[in-house]
Amino acid sequence: MPEASSERTAKREFETCVDDPRGDRTREWELFVRDAPGEPLRHAGSVSAPTAEIAREQATRLFGWTAEALWLCPADETRRFAADGVALSDRANPTDQSGVEGNGGAE
Amino acid sequence: MISISKLLCDLDAAGDGLRYDAADESRKAQIREQKQRRPVVVWNCTKQCNLYCQHCYAAAETEPAPGELTTTEGKRFLDDLADYGAPVVLFSGGEPLARNDLVELVGHASDAGLRPVLSTNGTLLTEERAAALREAGLQYVGVSVDGLPERNDAFRGEKGAFDRALAGIEASQSAGLKTGLRYTITEANADDLESVVDLLADRGVDRFCFYHLDYGGRGAEIQDADLTPEERRAAVRRVCDMTREYHDRGHEIETLLVGNYADAAYLVEYARRELGPEQAERVLAYLETNGGDPTGERVADVDYQGNVHLTQFWQGYALGNVRDRPFGSIWEDESNALLSALREREDHLRGRCADCQYQSVCRGASRLRALATGDDPFGPDPQCYLTPDERGVGGPDRSADPAD
């Protein structure tokens with residue numbers, strides 16, 4: 001999240017915001033697919049949907065033509081980690097272990 | 001992305017008769033012996049925006065959204081893209097200028113060997129920021145304007161947005177940045193098309209990208225404002241005619257069509273009628289070299305949280321997240337049946353797309369629109385406006401006058 005100083009900057013830049021209602025933040029659902037009986041479930045990405053039922057509809061439209069079974073898990077209830085304890089994002093680039101920082105105050 | 005000006009006006013002289021996708025922003029010649037091997041990557045680096053546009057595919061909001069990639073994560077991601085060989089990164093949003101670290105990120109992308117380009121509403125682009133972005137290595141700025149002032153401001157949810165976008169365009173030009181227009185055509189603003197081009201061409205803008213509405217984000221909620229097939233055909237013809245008229249007068253504006261590869265087929269037919277069969281064959285050959293709709297192949301999208309999408313418009317489904325795996329690992333993972341099928345879509349297309357003679361230059365156009373309207377990712381695109389004769393299937397003309 002931006003630092004406090006950049007939040008103040010952002011507020012100055014957004015003084016002219018309109019008053020229309022804003023969209024809600026849709027829940028994300030991790031999707032797992034089994035192509036045929038006896039095969040393993042594979043992670044097949046995620047769908048955005050406000051409810052489990054709508055997530056099911058979305059997943060079926062995307063993969064119903066090929067899948068034998070679909071599993072959906074709320075992404076915010078899913079824990080993703082590597083067995084050795086290294087953050088997955090760090091494993092993506094093992095040469096950079098510097099952690100994260102706010103995105104404000106860069107200019 | 002299909003360049004009308006190159007295909008209809010400059011083909012004999014230029015030799016780079018086609019530009020396409022966001023790679024077009026790079027100004028590099030896009031004709032090649034083989035298809036582009038790595039995708040142009042759109043990075044929606046923030047969901048925050050100061051406007052609230054009716055057609056926003058990212059459903060941007062005026063407050064920052066949680067989970068945005070930090071500066072360090074963003075730089076790591078850009079290195080990841082460069083290592084993978086992505087040619088271009090298109091900074092988009094939300095409004096990318098809402099990120100205070102945008103100059104730093106653009107500079108990092110440029111240093112890593114990527115060609116950074118920007119898609120913005122223009123209203124936050126000051127001369128100082130434009131100069132800093134150019135200094136950082138930015139190659140191109142595309143500013144969204146969707147009609148004459150009254151219509152644009154209604155569409156964008158803010159009075160004065162048009163004038164502020166024009167000020168942003170001028171700031172970008174003053175900084176020496178190549179600057180173009182992005183215009184999403186709907187029923188509400190189709191009539192403004194020529195007037196907006198005339199107005200901006202007088203101000204030195206010479207590049208105009210016309211987008212068809214895709215049905216993602218808030219764009220899915222305004223499908224009833226989309227053009228009918230007949231209206232779409234007429235609008236595309238007007239852009240073609242206008243481009244040729246400008247070139248005939250010696251003003252060589254660049255015009256491009258984005259988001260509906262039925263346009264590729266239409267351009268071949270247009271060239272056949274207006275310029276003759278030889279030119280039509282040349283247009284067809286150039287279009288076949290580049291191969292139609294790029295979803296899941298030549299264009300990719302990464303959102304503000306690092307989710308990887310098949311195209312920038314298809315935000316409702318993600319292949320994976322760059323916080324978990326490098327971008328290239330996600331993009332190359334064809335154990336995902338949908339991704340794999342999109343890359344072999346000729347084997348999966350159904351309905352009118354299955355036997356169309358222009359499948360090689362269209363590839364079924366938008367799979368997202370097919371999904372949004374027909375619940376089938378391989379069904380027909382509802383925006384197709386080609387006649388049965390044009391599609392090569394004969395029969396009565398049910399959609400438009402082929403002589404149109």
# chains A, B, ... in the order shown; residues from 1 in each chain; ligands from 1
>>> closest_atom_pairs(of="chain B", to="chain A", cutoff="6 Å", atoms="only C-alpha atoms", output="JSON lines")
{"residue": "B:Asn50", "atom": "CA", "partner": "A:Phe14", "partner_atom": "CA", "distance": 5.6}
{"residue": "B:Thr70", "atom": "CA", "partner": "A:Asn103", "partner_atom": "CA", "distance": 5.0}
{"residue": "B:Thr71", "atom": "CA", "partner": "A:Asn103", "partner_atom": "CA", "distance": 4.8}
{"residue": "B:Thr72", "atom": "CA", "partner": "A:Val100", "partner_atom": "CA", "distance": 5.5}
{"residue": "B:Asn100", "atom": "CA", "partner": "A:Gly104", "partner_atom": "CA", "distance": 5.5}
{"residue": "B:Asp101", "atom": "CA", "partner": "A:Ala106", "partner_atom": "CA", "distance": 4.5}
{"residue": "B:Gly316", "atom": "CA", "partner": "A:Ser48", "partner_atom": "CA", "distance": 5.0}
{"residue": "B:Tyr317", "atom": "CA", "partner": "A:Val47", "partner_atom": "CA", "distance": 4.5}
{"residue": "B:Ala318", "atom": "CA", "partner": "A:Ser46", "partner_atom": "CA", "distance": 5.1}
{"residue": "B:Leu319", "atom": "CA", "partner": "A:Gly45", "partner_atom": "CA", "distance": 4.2}
{"residue": "B:Gly320", "atom": "CA", "partner": "A:Gly45", "partner_atom": "CA", "distance": 4.9}
{"residue": "B:Arg323", "atom": "CA", "partner": "A:Ser89", "partner_atom": "CA", "distance": 4.3}
{"residue": "B:Asp324", "atom": "CA", "partner": "A:Leu88", "partner_atom": "CA", "distance": 4.9}
{"residue": "B:Arg325", "atom": "CA", "partner": "A:Ala92", "partner_atom": "CA", "distance": 5.4}
{"residue": "B:Pro326", "atom": "CA", "partner": "A:Ala92", "partner_atom": "CA", "distance": 5.3}
{"residue": "B:Asn336", "atom": "CA", "partner": "A:Ala44", "partner_atom": "CA", "distance": 5.8}
{"residue": "B:Asp375", "atom": "CA", "partner": "A:Arg61", "partner_atom": "CA", "distance": 5.8}
>>> residues_around(residues="Asp263 in chain B", least_positions_apart="6", cutoff="9 Å", atoms="only C-alpha atoms", output="PyMOL selection string")
chain B and resi 2+233+236+257+362+384-386
>>> atom_distance(atom1="CA of Asp198 in chain B", atom2="CA of Tyr246 in chain B")
9.7 Å
>>> residues_around(residues="Arg164 in chain B", least_positions_apart="5", cutoff="12 Å", atoms="only C-alpha atoms", output="JSON, numbers by chain")
{"A": [16], "B": [50, 51, 120, 121, 122, 123, 124, 125, 126, 143, 144, 145, 149, 152, 153, 156, 158, 159, 169, 170, 171]}
>>> closest_residue(among="B:Gly392, B:Pro66, B:Gly306, B:Gly180", to="Asn44 in chain B", atoms="only C-alpha atoms")
B:Gly306
>>> atom_distance(atom1="CA of Gly204 in chain B", atom2="CA of Gln173 in chain B")
8.5 Å
>>> atom_distance(atom1="CA of Gly93 in chain B", atom2="CA of Thr311 in chain B")
13.6 Å
>>> decode(residues="range 313-371 of chain B", atoms="C-alpha atoms", output="mmCIF file, in the first residue's frame")
data_model
loop_
_atom_site.group_PDB
_atom_site.id
_atom_site.type_symbol
_atom_site.label_atom_id
_atom_site.label_comp_id
_atom_site.auth_asym_id
_atom_site.auth_seq_id
_atom_site.Cartn_x
_atom_site.Cartn_y
_atom_site.Cartn_z
ATOM 1 C CA PHE B 313 -10.291 -7.581 -21.338
ATOM 2 C CA TRP B 314 -10.678 -11.049 -19.792
ATOM 3 C CA GLN B 315 -10.218 -10.122 -16.124
ATOM 4 C CA GLY B 316 -12.720 -12.655 -14.788
ATOM 5 C CA TYR B 317 -10.391 -15.605 -15.277
ATOM 6 C CA ALA B 318 -6.706 -15.911 -14.364
ATOM 7 C CA LEU B 319 -4.200 -18.564 -15.409
ATOM 8 C CA GLY B 320 -2.056 -18.036 -12.309
ATOM 9 C CA ASN B 321 -0.221 -15.364 -10.359
ATOM 10 C CA VAL B 322 3.299 -13.998 -10.807
ATOM 11 C CA ARG B 323 3.692 -13.963 -7.046
ATOM 12 C CA ASP B 324 3.582 -17.779 -7.205
ATOM 13 C CA ARG B 325 5.384 -18.584 -10.435
ATOM 14 C CA PRO B 326 7.362 -16.655 -13.039
ATOM 15 C CA PHE B 327 5.267 -15.252 -15.849
ATOM 16 C CA GLY B 328 6.886 -17.529 -18.427
ATOM 17 C CA SER B 329 6.075 -20.667 -16.424
ATOM 18 C CA ILE B 330 2.423 -19.686 -16.264
ATOM 19 C CA TRP B 331 2.239 -18.680 -19.925
ATOM 20 C CA GLU B 332 3.957 -21.844 -21.134
ATOM 21 C CA ASP B 333 1.865 -24.215 -18.979
ATOM 22 C CA GLU B 334 -0.340 -25.857 -21.585
ATOM 23 C CA SER B 335 -1.620 -28.406 -19.081
ATOM 24 C CA ASN B 336 -4.315 -25.732 -18.821
ATOM 25 C CA ALA B 337 -6.878 -27.042 -21.326
ATOM 26 C CA LEU B 338 -8.384 -23.632 -22.069
ATOM 27 C CA LEU B 339 -5.015 -22.041 -22.809
ATOM 28 C CA SER B 340 -4.003 -24.971 -24.948
ATOM 29 C CA ALA B 341 -7.272 -24.950 -26.876
ATOM 30 C CA LEU B 342 -7.051 -21.214 -27.548
ATOM 31 C CA ARG B 343 -3.720 -21.843 -29.217
ATOM 32 C CA GLU B 344 -5.307 -24.504 -31.403
ATOM 33 C CA ARG B 345 -8.638 -22.821 -31.751
ATOM 34 C CA GLU B 346 -9.098 -23.842 -35.376
ATOM 35 C CA ASP B 347 -9.889 -27.298 -33.999
ATOM 36 C CA HIS B 348 -12.466 -25.957 -31.568
ATOM 37 C CA LEU B 349 -14.329 -23.068 -33.222
ATOM 38 C CA ARG B 350 -18.020 -23.716 -33.699
ATOM 39 C CA GLY B 351 -20.919 -22.086 -35.522
ATOM 40 C CA ARG B 352 -20.321 -19.501 -38.226
ATOM 41 C CA CYS B 353 -16.600 -19.299 -37.351
ATOM 42 C CA ALA B 354 -15.978 -22.987 -38.035
ATOM 43 C CA ASP B 355 -16.253 -22.825 -41.820
ATOM 44 C CA CYS B 356 -15.453 -19.172 -42.500
ATOM 45 C CA GLN B 357 -12.964 -18.657 -45.317
ATOM 46 C CA TYR B 358 -11.347 -15.848 -43.319
ATOM 47 C CA GLN B 359 -10.638 -17.981 -40.258
ATOM 48 C CA SER B 360 -6.875 -17.654 -40.839
ATOM 49 C CA VAL B 361 -6.927 -13.857 -40.471
ATOM 50 C CA CYS B 362 -9.676 -13.653 -37.841
ATOM 51 C CA ARG B 363 -9.464 -16.849 -35.756
ATOM 52 C CA GLY B 364 -12.963 -16.347 -34.426
ATOM 53 C CA ALA B 365 -12.228 -12.824 -33.126
ATOM 54 C CA SER B 366 -13.139 -12.337 -29.451
ATOM 55 C CA ARG B 367 -13.552 -15.530 -27.440
ATOM 56 C CA LEU B 368 -14.568 -13.369 -24.484
ATOM 57 C CA ARG B 369 -17.545 -11.939 -26.362
ATOM 58 C CA ALA B 370 -18.485 -15.444 -27.475
ATOM 59 C CA LEU B 371 -18.391 -16.561 -23.865
#
